[in-house]
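Engineer: Data file structure-v2.pdb (PDB, C-alpha atoms) is appended below.
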```
ATOM      1  CA  MET A   1       2.752 -26.563  19.194
ATOM      2  CA  LEU A   2       3.212 -24.515  16.039
ATOM      3  CA  ASN A   3       5.694 -21.680  16.149
ATOM      4  CA  GLN A   4       4.619 -18.147  16.923
ATOM      5  CA  VAL A   5       4.747 -16.048  13.771
ATOM      6  CA  ARG A   6       5.821 -12.406  13.459
ATOM      7  CA  VAL A   7       5.104 -10.452  10.281
ATOM      8  CA  ARG A   8       6.230  -6.997   9.150
ATOM      9  CA  VAL A   9       4.451  -5.472   6.152
ATOM     10  CA  PRO A  10       5.086  -2.063   4.566
ATOM     11  CA  ALA A  11       2.798   0.807   3.688
ATOM     12  CA  THR A  12       2.389   1.422  -0.016
ATOM     13  CA  SER A  13       1.616   4.241  -2.399
ATOM     14  CA  ALA A  14      -0.288   3.273  -5.541
ATOM     15  CA  ASN A  15      -0.930   4.938  -8.914
ATOM     16  CA  LEU A  16       2.001   7.370  -8.497
ATOM     17  CA  GLY A  17       0.276   9.776 -10.849
ATOM     18  CA  PRO A  18      -0.267   8.213 -14.301
ATOM     19  CA  GLY A  19       0.135   4.540 -13.322
ATOM     20  CA  PHE A  20      -3.520   4.123 -12.374
ATOM     21  CA  ASP A  21      -4.284   0.699 -10.839
ATOM     22  CA  ALA A  22      -0.867  -0.547 -11.985
ATOM     23  CA  PHE A  23       2.057   1.118 -10.188
ATOM     24  CA  GLY A  24       2.960   0.687  -6.541
ATOM     25  CA  LEU A  25       5.791   1.698  -4.245
ATOM     26  CA  ALA A  26       6.608   0.082  -0.894
ATOM     27  CA  LEU A  27       7.425   2.581   1.867
ATOM     28  CA  THR A  28       9.355   2.328   5.139
ATOM     29  CA  LEU A  29       6.315   2.601   7.393
ATOM     30  CA  TYR A  30       5.189  -0.720   8.822
ATOM     31  CA  ASP A  31       2.433  -2.674  10.475
ATOM     32  CA  GLU A  32       3.552  -5.633  12.588
ATOM     33  CA  LEU A  33       1.565  -8.762  13.337
ATOM     34  CA  ILE A  34       2.217 -11.415  15.966
ATOM     35  CA  VAL A  35       0.220 -14.638  15.651
ATOM     36  CA  THR A  36       0.345 -17.168  18.479
ATOM     37  CA  PRO A  37      -1.392 -20.503  17.845
ATOM     38  CA  GLY A  38      -3.913 -21.626  20.461
ATOM     39  CA  ARG A  39      -6.261 -24.481  21.181
ATOM     40  CA  SER A  40      -9.447 -22.855  19.881
ATOM     41  CA  GLY A  41     -11.060 -19.577  18.930
ATOM     42  CA  VAL A  42      -9.594 -16.279  17.794
ATOM     43  CA  LYS A  43      -8.523 -13.360  19.956
ATOM     44  CA  VAL A  44      -7.502 -10.031  18.389
ATOM     45  CA  VAL A  45      -5.598  -7.203  20.063
ATOM     46  CA  VAL A  46      -4.982  -3.962  18.138
ATOM     47  CA  THR A  47      -2.730  -1.063  19.094
ATOM     48  CA  GLY A  48      -1.991   2.066  17.082
ATOM     49  CA  ALA A  49      -3.950   2.910  13.926
ATOM     50  CA  GLY A  50      -7.471   1.502  14.018
ATOM     51  CA  GLU A  51      -7.404   0.844  17.767
ATOM     52  CA  GLY A  52     -10.943   1.007  19.106
ATOM     53  CA  GLU A  53     -12.376   1.099  15.569
ATOM     54  CA  VAL A  54     -11.718  -2.231  13.842
ATOM     55  CA  PRO A  55     -13.471  -5.483  14.809
ATOM     56  CA  LEU A  56     -11.748  -7.832  17.237
ATOM     57  CA  ASP A  57     -13.183 -11.106  15.994
ATOM     58  CA  GLU A  58     -13.195 -13.359  12.928
ATOM     59  CA  SER A  59     -14.402 -10.456  10.767
ATOM     60  CA  HIS A  60     -11.102  -8.591  11.212
ATOM     61  CA  LEU A  61      -9.422  -8.294   7.790
ATOM     62  CA  VAL A  62      -6.152  -9.864   8.963
ATOM     63  CA  VAL A  63      -8.023 -12.806  10.491
ATOM     64  CA  ARG A  64     -10.010 -13.330   7.274
ATOM     65  CA  SER A  65      -6.773 -13.194   5.281
ATOM     66  CA  ILE A  66      -5.069 -15.717   7.561
ATOM     67  CA  ALA A  67      -8.056 -18.035   7.090
ATOM     68  CA  ALA A  68      -7.916 -17.622   3.302
ATOM     69  CA  GLY A  69      -4.182 -18.326   3.291
ATOM     70  CA  LEU A  70      -4.503 -21.434   5.448
ATOM     71  CA  GLU A  71      -7.300 -22.731   3.225
ATOM     72  CA  SER A  72      -5.197 -22.239   0.097
ATOM     73  CA  LEU A  73      -2.353 -24.171   1.748
ATOM     74  CA  GLY A  74      -4.609 -26.973   2.974
ATOM     75  CA  VAL A  75      -3.650 -26.322   6.601
ATOM     76  CA  THR A  76      -5.877 -26.013   9.662
ATOM     77  CA  VAL A  77      -5.057 -24.201  12.892
ATOM     78  CA  PRO A  78      -7.519 -24.676  15.784
ATOM     79  CA  GLY A  79      -7.195 -21.098  16.978
ATOM     80  CA  PHE A  80      -4.792 -18.239  17.567
ATOM     81  CA  THR A  81      -4.182 -14.872  19.170
ATOM     82  CA  LEU A  82      -3.467 -12.031  16.760
ATOM     83  CA  ARG A  83      -1.693  -8.892  17.936
ATOM     84  CA  CYS A  84      -1.640  -5.996  15.471
ATOM     85  CA  GLU A  85       0.796  -3.141  16.033
ATOM     86  CA  ASN A  86      -0.411  -0.681  13.407
ATOM     87  CA  ARG A  87       1.506   2.367  12.194
ATOM     88  CA  ILE A  88      -0.036   2.759   8.729
ATOM     89  CA  PRO A  89      -2.878   5.318   8.907
ATOM     90  CA  HIS A  90      -6.271   3.916   7.977
ATOM     91  CA  GLY A  91      -8.304   5.297   5.088
ATOM     92  CA  ARG A  92      -5.570   7.658   3.915
ATOM     93  CA  GLY A  93      -4.326   6.053   0.688
ATOM     94  CA  LEU A  94      -1.244   4.353   2.123
ATOM     95  CA  GLY A  95      -2.372   0.784   1.659
ATOM     96  CA  SER A  96      -3.560  -0.116   5.154
ATOM     97  CA  SER A  97      -6.067  -2.686   3.864
ATOM     98  CA  SER A  98      -3.495  -4.174   1.486
ATOM     99  CA  ALA A  99      -1.025  -4.427   4.363
ATOM    100  CA  ALA A 100      -3.644  -6.287   6.401
ATOM    101  CA  ILE A 101      -4.371  -8.691   3.555
ATOM    102  CA  VAL A 102      -0.743  -9.357   2.609
ATOM    103  CA  GLY A 103       0.293  -9.568   6.253
ATOM    104  CA  GLY A 104      -2.453 -12.074   7.041
ATOM    105  CA  LEU A 105      -1.664 -14.245   4.043
ATOM    106  CA  ALA A 106       2.049 -14.203   4.886
ATOM    107  CA  ALA A 107       1.221 -15.161   8.476
ATOM    108  CA  ALA A 108      -0.644 -18.199   7.117
ATOM    109  CA  TYR A 109       2.538 -19.330   5.372
ATOM    110  CA  GLY A 110       4.404 -18.892   8.637
ATOM    111  CA  LEU A 111       1.823 -20.925  10.544
ATOM    112  CA  ALA A 112       2.044 -23.636   7.888
ATOM    113  CA  GLY A 113       5.827 -23.675   8.242
ATOM    114  CA  VAL A 114       6.519 -23.121   4.544
ATOM    115  CA  PRO A 115       8.371 -20.305   2.741
ATOM    116  CA  VAL A 116       6.228 -17.506   1.359
ATOM    117  CA  ASP A 117       5.454 -17.858  -2.351
ATOM    118  CA  ARG A 118       5.317 -14.159  -3.213
ATOM    119  CA  ASP A 119       3.847 -14.600  -6.685
ATOM    120  CA  ARG A 120       1.061 -16.749  -5.233
ATOM    121  CA  LEU A 121       0.654 -14.179  -2.463
ATOM    122  CA  VAL A 122      -0.120 -11.496  -5.081
ATOM    123  CA  VAL A 123      -2.740 -13.772  -6.677
ATOM    124  CA  LEU A 124      -4.439 -14.512  -3.350
ATOM    125  CA  ALA A 125      -4.272 -10.909  -2.166
ATOM    126  CA  ASN A 126      -5.768  -9.652  -5.412
ATOM    127  CA  GLU A 127      -8.705 -12.042  -4.948
ATOM    128  CA  ILE A 128      -9.440 -10.398  -1.598
ATOM    129  CA  GLU A 129      -8.589  -6.773  -2.429
ATOM    130  CA  GLY A 130      -9.990  -6.660  -5.964
ATOM    131  CA  HIS A 131      -7.033  -4.869  -7.589
ATOM    132  CA  PRO A 132      -3.329  -5.726  -7.414
ATOM    133  CA  ASP A 133      -1.425  -2.414  -7.289
ATOM    134  CA  ASN A 134      -1.052  -1.955  -3.523
ATOM    135  CA  VAL A 135      -0.886  -5.648  -2.647
ATOM    136  CA  ALA A 136       1.893  -6.211  -5.174
ATOM    137  CA  ALA A 137       4.105  -3.542  -3.596
ATOM    138  CA  ALA A 138       3.351  -4.823  -0.080
ATOM    139  CA  ALA A 139       4.235  -8.367  -1.115
ATOM    140  CA  LEU A 140       7.301  -7.695  -3.276
ATOM    141  CA  GLY A 141       8.740  -4.392  -2.034
ATOM    142  CA  GLY A 142      10.458  -1.789  -4.203
ATOM    143  CA  PHE A 143       8.638  -0.422  -7.248
ATOM    144  CA  THR A 144       6.047  -2.750  -8.730
ATOM    145  CA  ILE A 145       4.008  -2.882 -11.916
ATOM    146  CA  ALA A 146       0.838  -4.947 -11.523
ATOM    147  CA  TRP A 147      -1.826  -6.193 -13.907
ATOM    148  CA  THR A 148      -4.478  -8.902 -14.144
ATOM    149  CA  GLU A 149      -4.707 -11.902 -16.453
ATOM    150  CA  GLY A 150      -8.296 -13.041 -16.325
ATOM    151  CA  ASP A 151      -9.021 -12.683 -12.623
ATOM    152  CA  ALA A 152      -5.458 -13.408 -11.510
ATOM    153  CA  GLY A 153      -3.209 -10.674 -10.165
ATOM    154  CA  ARG A 154       0.303 -10.497 -11.582
ATOM    155  CA  ALA A 155       3.227  -8.193 -10.829
ATOM    156  CA  VAL A 156       6.870  -7.535 -11.542
ATOM    157  CA  ARG A 157       9.275  -5.799  -9.190
ATOM    158  CA  LEU A 158      11.864  -3.239 -10.279
ATOM    159  CA  ASP A 159      14.669  -1.676  -8.265
ATOM    160  CA  PRO A 160      14.081   2.031  -7.612
ATOM    161  CA  ALA A 161      16.917   4.476  -8.279
ATOM    162  CA  ASP A 162      19.465   4.792  -5.474
ATOM    163  CA  GLY A 163      18.430   7.274  -2.818
ATOM    164  CA  LEU A 164      14.838   7.507  -3.995
ATOM    165  CA  GLY A 165      12.402   8.254  -1.211
ATOM    166  CA  ALA A 166       9.065   9.850  -0.504
ATOM    167  CA  VAL A 167       7.575  12.501   1.726
ATOM    168  CA  ALA A 168       3.975  11.754   2.667
ATOM    169  CA  TYR A 169       1.608  14.505   3.793
ATOM    170  CA  VAL A 170      -1.232  12.781   5.635
ATOM    171  CA  PRO A 171      -4.389  14.721   6.569
ATOM    172  CA  ASP A 172      -6.525  13.982   9.598
ATOM    173  CA  ASN A 173      -9.604  13.258   7.473
ATOM    174  CA  ARG A 174     -10.233  10.022   5.595
ATOM    175  CA  VAL A 175     -11.580   9.232   2.144
ATOM    176  CA  LEU A 176     -13.170   5.876   1.362
ATOM    177  CA  THR A 177     -11.738   4.148  -1.700
ATOM    178  CA  LYS A 178     -15.279   3.375  -2.858
ATOM    179  CA  GLU A 179     -16.182   7.064  -2.663
ATOM    180  CA  ALA A 180     -13.064   8.133  -4.569
ATOM    181  CA  ARG A 181     -13.592   5.515  -7.287
ATOM    182  CA  GLY A 182     -17.221   6.547  -7.618
ATOM    183  CA  LEU A 183     -16.132   9.964  -8.888
ATOM    184  CA  LEU A 184     -14.249   8.557 -11.876
ATOM    185  CA  PRO A 185     -15.903   8.836 -15.292
ATOM    186  CA  SER A 186     -16.653   5.731 -17.335
ATOM    187  CA  VAL A 187     -15.190   7.381 -20.461
ATOM    188  CA  VAL A 188     -12.179   9.694 -20.831
ATOM    189  CA  PRO A 189     -10.877  11.599 -23.880
ATOM    190  CA  HIS A 190      -8.539   9.623 -26.111
ATOM    191  CA  SER A 191      -5.963  12.406 -25.822
ATOM    192  CA  ASP A 192      -5.906  12.040 -22.031
ATOM    193  CA  ALA A 193      -5.494   8.268 -22.234
ATOM    194  CA  ALA A 194      -2.652   8.667 -24.727
ATOM    195  CA  ALA A 195      -0.946  11.288 -22.562
ATOM    196  CA  ASN A 196      -1.135   9.030 -19.506
ATOM    197  CA  SER A 197       0.299   6.084 -21.430
ATOM    198  CA  GLY A 198       3.354   8.116 -22.350
ATOM    199  CA  LYS A 199       3.813   9.512 -18.861
ATOM    200  CA  ALA A 200       3.419   6.083 -17.261
ATOM    201  CA  ALA A 201       6.154   4.703 -19.512
ATOM    202  CA  LEU A 202       8.358   7.677 -18.678
ATOM    203  CA  LEU A 203       7.687   7.173 -14.963
ATOM    204  CA  VAL A 204       9.215   3.691 -15.133
ATOM    205  CA  ALA A 205      12.436   5.269 -16.420
ATOM    206  CA  ALA A 206      12.256   8.092 -13.874
ATOM    207  CA  LEU A 207      11.758   5.813 -10.865
ATOM    208  CA  THR A 208      14.451   3.326 -11.858
ATOM    209  CA  GLY A 209      17.241   5.602 -13.025
ATOM    210  CA  ARG A 210      16.228   9.099 -14.108
ATOM    211  CA  PRO A 211      14.665  10.787 -11.049
ATOM    212  CA  GLU A 212      15.240  14.221 -12.596
ATOM    213  CA  LEU A 213      12.288  13.362 -14.860
ATOM    214  CA  LEU A 214       9.859  12.726 -12.003
ATOM    215  CA  LEU A 215       8.021  16.048 -12.190
ATOM    216  CA  THR A 216       7.049  15.535 -15.828
ATOM    217  CA  ALA A 217       6.582  11.781 -15.468
ATOM    218  CA  THR A 218       4.058  12.090 -12.604
ATOM    219  CA  GLU A 219       1.556  14.183 -14.572
ATOM    220  CA  ASP A 220      -1.892  12.554 -14.576
ATOM    221  CA  ARG A 221      -5.094  13.099 -16.556
ATOM    222  CA  LEU A 222      -7.109  10.002 -15.657
ATOM    223  CA  HIS A 223      -8.071  10.140 -12.002
ATOM    224  CA  GLN A 224      -6.657  12.815  -9.683
ATOM    225  CA  GLU A 225      -8.627  15.862 -10.830
ATOM    226  CA  TYR A 226     -11.861  13.880 -11.031
ATOM    227  CA  ARG A 227     -11.471  13.048  -7.345
ATOM    228  CA  ALA A 228     -11.115  16.675  -6.265
ATOM    229  CA  PRO A 229     -14.682  16.922  -4.853
ATOM    230  CA  ALA A 230     -13.814  14.230  -2.281
ATOM    231  CA  MET A 231     -10.452  15.800  -1.312
ATOM    232  CA  PRO A 232     -10.177  19.444  -2.404
ATOM    233  CA  GLU A 233      -7.405  20.202   0.110
ATOM    234  CA  SER A 234      -5.311  17.339  -1.253
ATOM    235  CA  LEU A 235      -5.568  18.505  -4.846
ATOM    236  CA  ALA A 236      -4.811  22.067  -3.763
ATOM    237  CA  LEU A 237      -1.655  20.818  -2.015
ATOM    238  CA  VAL A 238      -0.641  18.782  -5.089
ATOM    239  CA  HIS A 239      -0.959  21.886  -7.270
ATOM    240  CA  LYS A 240       0.976  24.026  -4.806
ATOM    241  CA  LEU A 241       3.846  21.540  -4.505
ATOM    242  CA  ARG A 242       4.035  20.883  -8.243
ATOM    243  CA  GLY A 243       4.016  24.623  -8.834
ATOM    244  CA  SER A 244       7.179  24.700  -6.703
ATOM    245  CA  GLY A 245       8.801  22.068  -8.900
ATOM    246  CA  LEU A 246       8.120  19.071  -6.629
ATOM    247  CA  PRO A 247       6.733  15.810  -8.125
ATOM    248  CA  ALA A 248       3.649  15.557  -5.916
ATOM    249  CA  ILE A 249       0.860  13.031  -6.467
ATOM    250  CA  VAL A 250      -2.246  11.780  -4.681
ATOM    251  CA  SER A 251      -1.346   8.505  -2.978
ATOM    252  CA  GLY A 252      -3.716   5.735  -3.990
ATOM    253  CA  ALA A 253      -7.323   6.823  -3.548
ATOM    254  CA  GLY A 254      -6.148   9.669  -1.289
ATOM    255  CA  PRO A 255      -6.295  11.895   0.567
ATOM    256  CA  THR A 256      -2.558  11.566   1.376
ATOM    257  CA  VAL A 257      -0.222  13.531  -0.878
ATOM    258  CA  VAL A 258       3.212  12.077  -1.657
ATOM    259  CA  VAL A 259       6.269  13.815  -3.094
ATOM    260  CA  LEU A 260       8.662  11.449  -4.851
ATOM    261  CA  GLY A 261      12.381  11.999  -5.262
ATOM    262  CA  ARG A 262      15.381  12.419  -2.997
ATOM    263  CA  PRO A 263      13.782  14.201  -0.043
ATOM    264  CA  ASP A 264      15.807  16.428   2.259
ATOM    265  CA  SER A 265      15.177  18.828   5.125
ATOM    266  CA  SER A 266      14.135  21.570   2.717
ATOM    267  CA  MET A 267      10.804  19.872   1.982
ATOM    268  CA  PRO A 268       7.869  22.102   3.014
ATOM    269  CA  PRO A 269       6.314  21.503   6.435
ATOM    270  CA  ALA A 270       2.919  19.858   6.729
ATOM    271  CA  PRO A 271      -0.128  22.144   6.563
ATOM    272  CA  ASP A 272      -2.198  22.570   9.711
ATOM    273  CA  GLY A 273      -4.122  19.379  10.401
ATOM    274  CA  TRP A 274      -1.689  17.236   8.419
ATOM    275  CA  THR A 275       1.229  15.009   9.460
ATOM    276  CA  LYS A 276       4.475  14.766   7.486
ATOM    277  CA  TYR A 277       6.311  11.445   7.110
ATOM    278  CA  GLN A 278       9.777  11.312   5.529
ATOM    279  CA  LEU A 279      10.131   7.780   4.191
ATOM    280  CA  GLY A 280      12.456   5.559   2.244
ATOM    281  CA  ILE A 281      11.573   2.798  -0.216
ATOM    282  CA  ASP A 282      11.199  -0.620   1.392
ATOM    283  CA  PRO A 283      13.276  -3.052  -0.708
ATOM    284  CA  VAL A 284      11.847  -6.449   0.276
ATOM    285  CA  GLY A 285       8.133  -6.259   1.020
ATOM    286  CA  VAL A 286       6.440  -8.424   3.623
ATOM    287  CA  GLN A 287       8.730 -10.376   5.940
ATOM    288  CA  VAL A 288       7.931 -13.364   8.144
ATOM    289  CA  TRP A 289       9.760 -14.775  11.162
ATOM    290  CA  SER A 290       8.874 -17.914  13.118
ATOM    291  CA  LEU A 291       9.663 -17.974  16.820
ATOM    292  CA  GLU A 292       9.441 -20.749  19.380
ATOM    293  CA  ALA A 293       5.989 -20.682  21.000
ATOM    294  CA  GLY A 294       6.526 -21.246  24.647
TER     295      GLY A 294
END
```
Take the structure I supplied and represent it as structure tokens, if you would.
Structural biologist:
Amino acid sequence: MLNQVRVRVPATSANLGPGFDAFGLALTLYDELIVTPGRSGVKVVVTGAGEGEVPLDESHLVVRSIAAGLESLGVTVPGFTLRCENRIPHGRGLGSSSAAIVGGLAAAYGLAGVPVDRDRLVVLANEIEGHPDNVAAAALGGFTIAWTEGDAGRAVRLDPADGLGAVAYVPDNRVLTKEARGLLPSVVPHSDAAANSGKAALLVAALTGRPELLLTATEDRLHQEYRAPAMPESLALVHKLRGSGLPAIVSGAGPTVVVLGRPDSSMPPAPDGWTKYQLGIDPVGVQVWSLEAG
């Protein structure tokens, strides 16, 4: 009997303002997976976020990711029970789908009994997700810069500045990534692209050692304002917080708003209909433990 596998995978915030489709940050909010090998078939049990909404069969994203991981490793497992204990809100821009993909792939390594190859994990996850920013942070932890070479996802991990954290303001409503991406123009002014390049470079310095520069470094001209029709309340909150001197950004495709920095109790409360999460930066990314299956 193969060992039972437990996986913990963090939420992520992507883009971080000017780092569109490139920057990611792993956050201390986690989904947990427990995979118990069986004789045949797949059984899925979900509690928490997505309970009663996501499929409970082979079409579940974690199950599909486990299957993809096992195939890449040349390993077969007759069947298993998957238990998902979800804390990452779905459809809110905190990387719930990336967590499912990275968690499932990592579980495949656990079932195969081999250490996780995190660089390979980013490649495989990018093939499923279609862009590497969130999956890189979920796989590697910390602050990540991701890109593609051909069709292959690549990423490097950097250590965030000591004490850096994030406050996430999560609304009750959802925004589909496809909808948010559909609002982006195919062409942007050269001046906006140049401004974002400079701010993205500055953001690397701000996140890794100069957090006092975060307000300026998180300015964006490429994607956030274009997405306002899909999330007007989110953009209004970003403007309000930034007007108060707080480095607020839209997290991923939204509608969650994240404030980066060294959060404390003086951070504004959540608006009505929103939930506030005070989070740290996860330093390690996805983790896998194998337990005796009894």
Engineer: Could you state the separation of atom CA of A:Gly19 and atom CA of A:Gln287 in Å, given to one decimal place?
Structural biologist: 25.8 Å
Engineer: Any idea what's packed within 8 Å of A:Leu124, counting all atoms listed in the file, ignoring anything in its chain fewer than 6 positions away? Could you give it as a list in words?
Structural biologist: Gly69, Leu105 and Gly153 of chain A
Engineer: Can you turn the PyMOL selection byres ((chain A and resi 132-141) around 8) into a concrete residue list for this file, as a count of residues only?
Structural biologist: 43
Engineer: Using the chain letters and residue numbers of this document, give as a ChimeraX atom specification the residues selected by the PyMOL selection byres ((chain A and resi 31) around 7).
Structural biologist: /A:8-10,30,32-33,85-88
Engineer: Evaluating the PyMOL selection byres ((chain A and resi 82) around 9) on the displayed file yields which residues, as a PyMOL selection string?
Structural biologist: chain A and resi 33-37+42-46+62-63+80-81+83-84
